[in-house]
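Everything below concerns the one structure shown next.
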Amino acid sequence: MTSPAGAFRSAVSIRDDVVHGRRSAREVIEETLARIDRLEPRVDAFLAVDRAGALARAAEIDAEVTAGRAQGRLLGVPVAVKDNICVRGLPATCASRILAGYHPPFSAHAVERVLAEGGVVIGKTNCDEFGMGSSTENSAYKPTRNPHDLERVPGGSSGGSAAAVAAGMVPLSLGSDTGGSIRQPASLCGVIGFKPTFGAVSRFGLVAFASSLDQIGPLGASLLDVATLASVIAGPDARDSTALPRPAPDFVAALSPSLEGVRIGVHRDYVEDVADAAVRALIGRALETLREAGARIVHLDGVDLLSRYAVPAYYLVANSEASSNLARFDGLRYGPGAGAPDLLSTYTATRGRLFGEEVKRRILLGTFALSSGYHDAYYLKALRVRRLFIEAFQEAFRNVDFIAGATSPIPAFALGEKIDDPVTMYQCDVLTIPASLAGLPAVSVPCGRTPQGLPVGLQIIGPALADARVLSCAFAFEQRSGLMGTLAPLAEEVA
Amino acid sequence: MTAPRAAPDLEPVIGLEVHVQLATRSKLFCACRNEYGAAPNAHVCPVCTGQPGVLPVLNEQALSLGLSAALALGCEVPASTKFDRKNYFYPDLPKGYQISQYDRPLGLGGAVELAGDGGATRRVGVARVHLEEDAGKTLHPPGENYSLVDLNRAGVPLLEIVSAPDLRSPEEAHRYLVALKRTLRYARVSECDMEKGSLRCDANVSLRARGSSALNARVEIKNLNSFRNVERALAHDIARQTTLLAAGEAVLQETRMWREEEECTAPLRSKEEEHDYRYFPEPDLPEFAIPPELVERLRAGLPEMPAARLERYIGRLGLPAETAAALAADWEVADYYERCLAAGGVPARAVASFVLGAVLQEANARHVSVSGVNIPPASLAEVARLVEAGALSHQAARKVLAEIAASGQSAAQAVASLGLEQVSDRAQLAVAVDAALAAAPVAVAQYRAGKQNALNALVGAVMKATRGKADPKLARQLLLERLGA
């Protein structure tokens, strides 16, 4: 196991230091804020930094430590939260102007769980507006830059959460994944991003984009940290009827460096047919690493994983749900609203002016797909295709434990390169969407950098409810790859 | 009002959509109280105001009440069901969609039995029963350039009950509503109080040639705030459609609004302007099974329904049909009546007349339901017993019941405090009888001339003289003795 790079402080080590009084939570938070002060002007990962709140909470934690009552799996650990996840007292704009100034009166279940384990919410991270995008350029406020190359995008939609970890500003962040929004930015920023099985983490407090696909998950720079945060946030919640009813297993206890007897499925859609040659090469090497760790590689070329239908099916389902989920933003009860002389013009002015172009495009597409006369041809057909995805994966998982391949067909692209070409942008998610449509757990773990120095992520997809095994498989890979805790070079400048 | 009728060769086809608010403690998808009449926006939370990030959680009591209603209406209850979103924009709809049920309702294929002439019943189909959430209320202050939204009602559980197009006249529509309300109140699922908005009704009506099975352009009528207005609006629109058809014009498929002041319907929106609700399955609430044990428990828990009760009152208790129907018309009256009977020792018929007389009068006078009348069933039974025993006149009994209601005294206490023990002493009563005869020579002469009715006037005089305390049977007997009959 390679020792982590200089700038990296794992959440687990921070927690141990704080619990044992080796460092105060105040020191941890002050250092975190100092790093954010130095790096944020270059990266733009945050929409809000809660300096006062984080320091106040650190003081509380230190008092607990002094009193000998300190406990919690994240004690004193700074955590950044994507801006579409509610934190009581902090803004939740979803990177949209339509929610400018909105402060939710409650915290998301996942945030409550983080706080209950002693975690400190350091701020809210930038994202594509309402999670709609693959580059974080659809933020109404600012683009976030990839810490590995500031002229490139961090991916999206959880680009701020991925960049904040990659730049070493925080060891852990929360993101949300609808069609790849945790895994793709994790891949492009060289960090780990985990999308749990649908229902493993309560969606209560996550501003809905596509309810049947949205899932909250952790991003971090070490598998142990990610598994810790995943364990904290997973589990039942009576406020979310789609949350799984049974307690989640301890993902940390389940981590094992061994892949003996593990069968890893490989499909050309995720390997040989990937667009970028450098990505193909790195994925090929990663599969070799898995084999060296004891895994048996099984070729799934006889199985049709339907990848060519992923993007169209996804955009019909997700946009249909989005058109309904975003109907509540009418400016009448919260958000700035746009005053107009009558009701209809209030709606059109508010929604016309305050939603971004991509959001409006998706609302229109979704509204059309659900319209009378088109509903069966588009929405219902997409639901049937979705069922086929579930069946195709079930078929594949009869013979293998995991499917491994690329997370993103390409590494980080230049800012502005794809923003005017939505269809090309949508193709960024072609390899992450299938697990989303099927509700499966999937993780992206760094597997190296292209000759240009751009990170590439290995995606590991498991069957439903196999979250612990997926994390363990990624852990075994991380142990072998020697990439644990590798941050962007920029992070080292301020180490 | 003279209700214009359809021309003899046309018949109306009427269907009703009724919404009732379920009498739950809390709203359908959040823990806010379901209570009418609170200050505006007193019962709201992040869920029912549609804050971003919240999720609905189904209220199990609402599901149970909805299922009870479906069972009471004889519907088939499916093994599983789901919710759907109905999308439209309006300020009192906080999420921009209503959570409703589209293609998998709680109940299908029920019926409401209408009592017809001469004991015949007519079966009106209930096509479907489904659960959905109510919207808030938008208030438009007169003369102001703004509107106000009250979200207390947003998220209150509603049951939509859609009749089959089986109704053939406005009168029948009225009778359907009465029978439906009775059944739902018996099943204890809703207050069904139209004034408080816990029962609302929209009507659909079209005309067709009698004997045809075609369904023509249908007019939906909204803003019907009483059963009487449902009947009047239907009668008006049938006349309007008849006139159009007679003139060779077409009836437009549209939604119209009943204007109570002008007593007419007016167009609200045409077919082209109808919303496209873009229904799709509610992704926040997975499809769920309706456990057969729950259905059986709810079925077993349903009280005896009005028709069965009516039959029992006539068949077993021997009540006249009209009395039985009056008692069975409302579950509270019927239950009160049965609790009086349970107190024992009094004939069913005698108790019935007190319940339908004094008790209902008391309820009406105080604008409360029967359960709000402060006369314990045991006290009413006691008063009835005193009357049966001849110790209290009917007239005095009414005063006693009023006194019980007002003071909370027991029957015996009330009788004593009013000094209303019946005068059954011959000697005491003879004085009043002699005085009555002396004061009414004309009545005496009429009686002697064969006019039997004159005797009643004399009995009345005796009752008046004794302030109602005289035993009327004894008074009559003494009068007859004096008159030498």
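Residue numbering restarts at 1 in every chain; chains get A, B, ... in the order shown in the structure tokens, and ligands count up from 1 in that same order.
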Do me a favour and pick out the residues of chain A within 8 Å of chain B, using only C-alpha atoms, as an MDAnalysis selection string. chainID A and resid 85:86 104:105 108 203:208 211:212 238:242 324:325 327:328 332 367 370:372 375
Would you save the residues of that selection, restricted to C-alpha atoms, as an mmCIF file, in the first residue's frame?
```cif
data_model
loop_
_atom_site.group_PDB
_atom_site.id
_atom_site.type_symbol
_atom_site.label_atom_id
_atom_site.label_comp_id
_atom_site.auth_asym_id
_atom_site.auth_seq_id
_atom_site.Cartn_x
_atom_site.Cartn_y
_atom_site.Cartn_z
ATOM 1 C CA ILE A 85 -29.342 18.789 -0.470
ATOM 2 C CA CYS A 86 -31.036 20.737 2.325
ATOM 3 C CA PRO A 104 -34.892 25.319 3.870
ATOM 4 C CA PRO A 105 -36.483 24.957 7.322
ATOM 5 C CA ALA A 108 -31.959 16.270 4.660
ATOM 6 C CA ARG A 203 -34.059 11.135 -0.423
ATOM 7 C CA PHE A 204 -35.744 13.264 2.236
ATOM 8 C CA GLY A 205 -34.228 16.726 1.860
ATOM 9 C CA LEU A 206 -32.802 16.128 -1.613
ATOM 10 C CA VAL A 207 -34.464 18.545 -4.017
ATOM 11 C CA ALA A 208 -35.991 16.220 -6.570
ATOM 12 C CA SER A 211 -37.514 10.978 -8.124
ATOM 13 C CA SER A 212 -37.237 7.410 -9.395
ATOM 14 C CA ALA A 238 -39.951 6.817 7.561
ATOM 15 C CA ARG A 239 -40.109 10.119 5.662
ATOM 16 C CA ASP A 240 -39.114 8.482 2.364
ATOM 17 C CA SER A 241 -41.517 5.757 1.223
ATOM 18 C CA THR A 242 -38.997 4.586 -1.376
ATOM 19 C CA SER A 324 -43.535 17.597 -12.676
ATOM 20 C CA ASN A 325 -40.995 17.940 -9.856
ATOM 21 C CA ALA A 327 -43.635 22.641 -11.248
ATOM 22 C CA ARG A 328 -43.561 23.847 -7.643
ATOM 23 C CA LEU A 332 -45.404 32.264 -5.065
ATOM 24 C CA THR A 367 -43.932 17.953 -20.578
ATOM 25 C CA LEU A 370 -46.149 13.098 -20.848
ATOM 26 C CA SER A 371 -48.666 14.904 -23.043
ATOM 27 C CA SER A 372 -51.878 13.303 -24.106
ATOM 28 C CA HIS A 375 -47.551 9.597 -23.347
#
```
Surrounding residues of Thr466 of chain B excluding itself and chain neighbours under 2 positions, 10 Å, only C-alpha atoms, as a list in words: Leu420, Gln422, Val423, Leu429, Ala432, Gly460, Ala461, Val462, Met463, Lys464, Gly468, Lys469, Ala470 and Asp471 of chain B
For the selection you just gave me, I'd like the residues written to a file as an mmCIF file, in the first residue's frame, keeping all heavy atoms.
```
data_model
loop_
_atom_site.group_PDB
_atom_site.id
_atom_site.type_symbol
_atom_site.label_atom_id
_atom_site.label_comp_id
_atom_site.auth_asym_id
_atom_site.auth_seq_id
_atom_site.Cartn_x
_atom_site.Cartn_y
_atom_site.Cartn_z
ATOM 1 N N LEU B 420 -94.498 18.218 37.716
ATOM 2 C CA LEU B 420 -95.287 17.694 36.602
ATOM 3 C C LEU B 420 -95.773 16.267 36.808
ATOM 4 O O LEU B 420 -96.182 15.624 35.859
ATOM 5 C CB LEU B 420 -94.479 17.767 35.312
ATOM 6 C CG LEU B 420 -94.417 19.152 34.680
ATOM 7 C CD1 LEU B 420 -93.501 19.153 33.487
ATOM 8 C CD2 LEU B 420 -95.814 19.653 34.288
ATOM 9 N N GLN B 422 -98.198 13.532 37.049
ATOM 10 C CA GLN B 422 -99.528 13.572 36.447
ATOM 11 C C GLN B 422 -100.625 13.502 37.518
ATOM 12 O O GLN B 422 -100.508 12.798 38.501
ATOM 13 C CB GLN B 422 -99.677 12.389 35.494
ATOM 14 C CG GLN B 422 -100.870 12.528 34.593
ATOM 15 C CD GLN B 422 -100.688 11.696 33.356
ATOM 16 O OE1 GLN B 422 -100.305 10.543 33.416
ATOM 17 N NE2 GLN B 422 -100.957 12.286 32.215
ATOM 18 N N VAL B 423 -101.689 14.299 37.310
ATOM 19 C CA VAL B 423 -102.835 14.254 38.237
ATOM 20 C C VAL B 423 -103.721 13.085 37.812
ATOM 21 O O VAL B 423 -104.369 13.120 36.767
ATOM 22 C CB VAL B 423 -103.618 15.580 38.195
ATOM 23 C CG1 VAL B 423 -104.804 15.495 39.143
ATOM 24 C CG2 VAL B 423 -102.708 16.733 38.548
ATOM 25 N N LEU B 429 -109.231 15.642 39.954
ATOM 26 C CA LEU B 429 -109.496 15.918 38.551
ATOM 27 C C LEU B 429 -110.957 16.304 38.328
ATOM 28 O O LEU B 429 -111.292 17.088 37.434
ATOM 29 C CB LEU B 429 -109.129 14.681 37.724
ATOM 30 C CG LEU B 429 -108.644 14.933 36.305
ATOM 31 C CD1 LEU B 429 -107.522 15.967 36.303
ATOM 32 C CD2 LEU B 429 -108.176 13.648 35.675
ATOM 33 N N ALA B 432 -111.711 19.988 38.121
ATOM 34 C CA ALA B 432 -111.360 20.605 36.835
ATOM 35 C C ALA B 432 -112.361 20.221 35.764
ATOM 36 O O ALA B 432 -112.716 21.046 34.914
ATOM 37 C CB ALA B 432 -109.952 20.175 36.425
ATOM 38 N N GLY B 460 -109.310 19.057 26.141
ATOM 39 C CA GLY B 460 -108.290 20.103 26.023
ATOM 40 C C GLY B 460 -108.462 21.151 27.107
ATOM 41 O O GLY B 460 -107.462 21.622 27.681
ATOM 42 N N ALA B 461 -109.694 21.488 27.398
ATOM 43 C CA ALA B 461 -109.949 22.498 28.423
ATOM 44 C C ALA B 461 -109.461 22.003 29.779
ATOM 45 O O ALA B 461 -108.879 22.763 30.570
ATOM 46 C CB ALA B 461 -111.434 22.842 28.462
ATOM 47 N N VAL B 462 -109.675 20.714 30.041
ATOM 48 C CA VAL B 462 -109.240 20.141 31.323
ATOM 49 C C VAL B 462 -107.693 20.170 31.388
ATOM 50 O O VAL B 462 -107.108 20.549 32.402
ATOM 51 C CB VAL B 462 -109.743 18.686 31.484
ATOM 52 C CG1 VAL B 462 -109.153 18.042 32.746
ATOM 53 C CG2 VAL B 462 -111.269 18.656 31.550
ATOM 54 N N MET B 463 -107.077 19.800 30.292
ATOM 55 C CA MET B 463 -105.614 19.788 30.267
ATOM 56 C C MET B 463 -105.082 21.193 30.519
ATOM 57 O O MET B 463 -104.107 21.388 31.244
ATOM 58 C CB MET B 463 -105.086 19.282 28.912
ATOM 59 C CG MET B 463 -105.437 17.849 28.565
ATOM 60 S SD MET B 463 -104.945 16.650 29.817
ATOM 61 C CE MET B 463 -103.169 16.727 29.703
ATOM 62 N N LYS B 464 -105.751 22.171 29.891
ATOM 63 C CA LYS B 464 -105.298 23.538 30.029
ATOM 64 C C LYS B 464 -105.432 23.996 31.487
ATOM 65 O O LYS B 464 -104.503 24.623 32.039
ATOM 66 C CB LYS B 464 -106.136 24.438 29.098
ATOM 67 C CG LYS B 464 -105.495 25.784 28.859
ATOM 68 C CD LYS B 464 -106.283 26.575 27.836
ATOM 69 C CE LYS B 464 -105.731 28.000 27.730
ATOM 70 N NZ LYS B 464 -106.625 28.877 26.940
ATOM 71 N N GLY B 468 -101.559 20.855 31.885
ATOM 72 C CA GLY B 468 -101.001 19.676 31.232
ATOM 73 C C GLY B 468 -100.760 18.504 32.156
ATOM 74 O O GLY B 468 -100.300 17.458 31.731
ATOM 75 N N LYS B 469 -101.059 18.682 33.445
ATOM 76 C CA LYS B 469 -100.725 17.606 34.368
ATOM 77 C C LYS B 469 -101.799 16.521 34.435
ATOM 78 O O LYS B 469 -101.564 15.436 34.967
ATOM 79 C CB LYS B 469 -100.496 18.180 35.776
ATOM 80 C CG LYS B 469 -99.205 19.004 35.850
ATOM 81 C CD LYS B 469 -99.201 19.975 36.997
ATOM 82 C CE LYS B 469 -99.044 19.275 38.338
ATOM 83 N NZ LYS B 469 -98.944 20.269 39.440
ATOM 84 N N ALA B 470 -102.978 16.824 33.926
ATOM 85 C CA ALA B 470 -104.062 15.830 34.021
ATOM 86 C C ALA B 470 -103.752 14.612 33.178
ATOM 87 O O ALA B 470 -103.147 14.733 32.111
ATOM 88 C CB ALA B 470 -105.365 16.463 33.541
ATOM 89 N N ASP B 471 -104.145 13.450 33.685
ATOM 90 C CA ASP B 471 -104.049 12.229 32.884
ATOM 91 C C ASP B 471 -105.187 12.302 31.874
ATOM 92 O O ASP B 471 -106.364 12.247 32.244
ATOM 93 C CB ASP B 471 -104.215 11.022 33.814
ATOM 94 C CG ASP B 471 -104.239 9.719 33.020
ATOM 95 O OD1 ASP B 471 -104.349 9.764 31.765
ATOM 96 O OD2 ASP B 471 -104.150 8.664 33.660
#
```
Find the residues near Leu310 of chain B: any atom within 10 Å, counting only C-alpha atoms, skip ones fewer than 4 places away on the same chain, and give them as a ChimeraX atom specification. /B:304-306,314-317,319,321-329,334
Determine which residues of segment 124-259 of chain B receive a DSSP assignment of strand (DSSP E or B), computed from the backbone, and state them as a PyMOL selection string. chain B and resi 124-133+137-139+148-150+157-163+167+199-209+219-224+254-259
List every residue of segment 52-139 of chain A that DSSP, applied to the backbone, labels as alpha helix (DSSP H), and write the result as a list of chain:residue names.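 Of segment 52-139 of chain A, the ones in alpha helix (DSSP H) are A:Ala52, A:Gly53, A:Ala54, A:Leu55, A:Ala56, A:Arg57, A:Ala58, A:Ala59, A:Glu60, A:Ile61, A:Asp62, A:Ala63, A:Glu64, A:Val65, A:Thr66, A:His109, A:Ala110, A:Val111, A:Glu112, A:Arg113, A:Val114, A:Leu115, A:Ala116.
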Find the residues near segment 336-347 of chain A: any atom within 9 Å, counting only C-alpha atoms, skip ones fewer than 2 places away on the same chain, and give them as a ChimeraX atom specification. /A:97-102,329-334,349-354 /B:89-91,145
Could you please take those selected residues and save C-alpha atoms as a PDB file, in the first residue's frame?
```pdb
ATOM      1  CA  ARG A  97     -31.744  31.684  -9.615  1.00  0.00           C
ATOM      2  CA  ILE A  98     -35.283  30.505  -8.925  1.00  0.00           C
ATOM      3  CA  LEU A  99     -34.200  29.474  -5.412  1.00  0.00           C
ATOM      4  CA  ALA A 100     -31.915  32.435  -4.726  1.00  0.00           C
ATOM      5  CA  GLY A 101     -32.096  33.243  -1.032  1.00  0.00           C
ATOM      6  CA  TYR A 102     -34.104  30.136  -0.150  1.00  0.00           C
ATOM      7  CA  PHE A 329     -41.105  26.607  -8.506  1.00  0.00           C
ATOM      8  CA  ASP A 330     -43.674  29.273  -9.295  1.00  0.00           C
ATOM      9  CA  GLY A 331     -42.236  32.087  -7.184  1.00  0.00           C
ATOM     10  CA  LEU A 332     -45.404  32.264  -5.065  1.00  0.00           C
ATOM     11  CA  ARG A 333     -44.239  30.753  -1.783  1.00  0.00           C
ATOM     12  CA  TYR A 334     -40.429  30.975  -1.849  1.00  0.00           C
ATOM     13  CA  ALA A 349     -42.073  35.588 -16.030  1.00  0.00           C
ATOM     14  CA  THR A 350     -40.842  33.640 -12.970  1.00  0.00           C
ATOM     15  CA  ARG A 351     -40.147  30.395 -14.736  1.00  0.00           C
ATOM     16  CA  GLY A 352     -39.085  31.984 -18.012  1.00  0.00           C
ATOM     17  CA  ARG A 353     -36.526  34.302 -16.458  1.00  0.00           C
ATOM     18  CA  LEU A 354     -35.292  32.370 -13.450  1.00  0.00           C
TER      19      LEU A 354
ATOM     20  CA  PHE B  89     -50.653  24.995 -12.189  1.00  0.00           C
ATOM     21  CA  TYR B  90     -52.702  26.930  -9.666  1.00  0.00           C
ATOM     22  CA  PRO B  91     -51.668  29.019  -6.651  1.00  0.00           C
ATOM     23  CA  ASN B 145     -55.770  43.556  -6.940  1.00  0.00           C
TER      24      ASN B 145
END
```
Residue among B:Leu106, B:Ala250, B:Ala233, B:Ala402 lying closest to Cys264 of chain B, counting only C-alpha atoms: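 Answer, going by the shortest atom-to-atom distance: B:Ala233.
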Counting only C-alpha atoms, figure out which residue out of B:Ala436, B:Ala457, B:Ala173, B:Ala31 gets nearest to Val18 of chain B.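 Nearest candidate to Val18 of chain B out of B:Ala436, B:Ala457, B:Ala173, B:Ala31: B:Ala173.
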Might you pull out every residue within 6 Å of Val266 of chain A, with only C-alpha atoms counted and same-chain residues fewer than 2 positions away left off, and present them as a PyMOL selection string? chain A and resi 299-300+403-404
Write a file of the just-selected residues containing C-alpha atoms, as a compact mmCIF listing (two decimals), in the first residue's frame.
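Ended up saving to result-v7.txt:
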```txt
# COMPACT_ATOMS: atom_id res chain seq x y z
CA HIS A 299 -16.42 -11.63 -20.84
CA LEU A 300 -20.10 -10.78 -21.19
CA ILE A 403 -19.44 -5.47 -14.04
CA ALA A 404 -16.37 -3.27 -14.40
```
Would you please work out which residue, of A:Val232, A:Thr178, A:Arg398, A:Gly261, is nearest to Tyr315 of chain A when using only C-alpha atoms? A:Thr178
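Residue nearest Glu17 of chain B within the list B:Tyr447, B:Trp258, B:Phe288, B:Tyr176: B:Tyr176 [criterion: smallest interatomic distance, only C-alpha atoms].
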Polymer residues at most 6 Å from Pro455 of chain A, only C-alpha atoms, same-chain spacing of 6 or more positions, as a CSV table (one decimal) with N, CA, C and O atoms, in the first residue's frame:
```
chain,number,residue,atom,x,y,z
A,188,LEU,N,-13.9,12.3,-13.5
A,188,LEU,CA,-13.1,13.5,-14.1
A,188,LEU,C,-12.2,14.2,-13.1
A,188,LEU,O,-11.3,14.9,-13.6
A,190,GLY,N,-10.7,12.6,-10.5
A,190,GLY,CA,-9.8,11.7,-9.8
A,190,GLY,C,-10.1,11.4,-8.4
A,190,GLY,O,-9.2,11.2,-7.6
A,448,GLY,N,-6.0,6.0,-12.6
A,448,GLY,CA,-4.8,6.5,-13.3
A,448,GLY,C,-5.1,7.8,-14.0
A,448,GLY,O,-6.2,8.4,-14.0
A,449,ARG,N,-4.1,8.3,-14.7
A,449,ARG,CA,-4.2,9.6,-15.5
A,449,ARG,C,-3.8,9.4,-16.9
A,449,ARG,O,-2.9,8.6,-17.2
```
Residues near Trp331 of chain B, anyone? I mean within 10 Å using only C-alpha atoms, not counting same-chain ones fewer than 6 positions away, as JSON, numbers by chain. {"B": [182, 183, 184, 185, 186, 187, 188, 303, 304, 305, 306, 309, 337, 370]}
Please indicate the distance in Å from atom CA of Glu220 of chain B to atom CA of Glu11 of chain B, rounded to one decimal place. 16.7 Å
For a test of reading the model, state the distance in Å between atom CA of Leu298 of chain B and atom CA of Pro105 of chain B, rounded to one decimal. 17.4 Å
Point out the residue among A:Asn319, A:Thr289, A:Ser256, A:Ser481 with the least atom-to-atom distance to Glu358 of chain A, counting only C-alpha atoms.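 For Glu358 of chain A, the nearest of the candidates is A:Asn319.
Distance check against Arg263 of chain A using only C-alpha atoms: of A:Val400, A:Ala491, A:Ala392, A:Ile122, the minimum falls on A:Val400.
As for atom CA of Ser198 of chain B and atom CA of Ser163 of chain B, they are spaced 18.0 Å apart.
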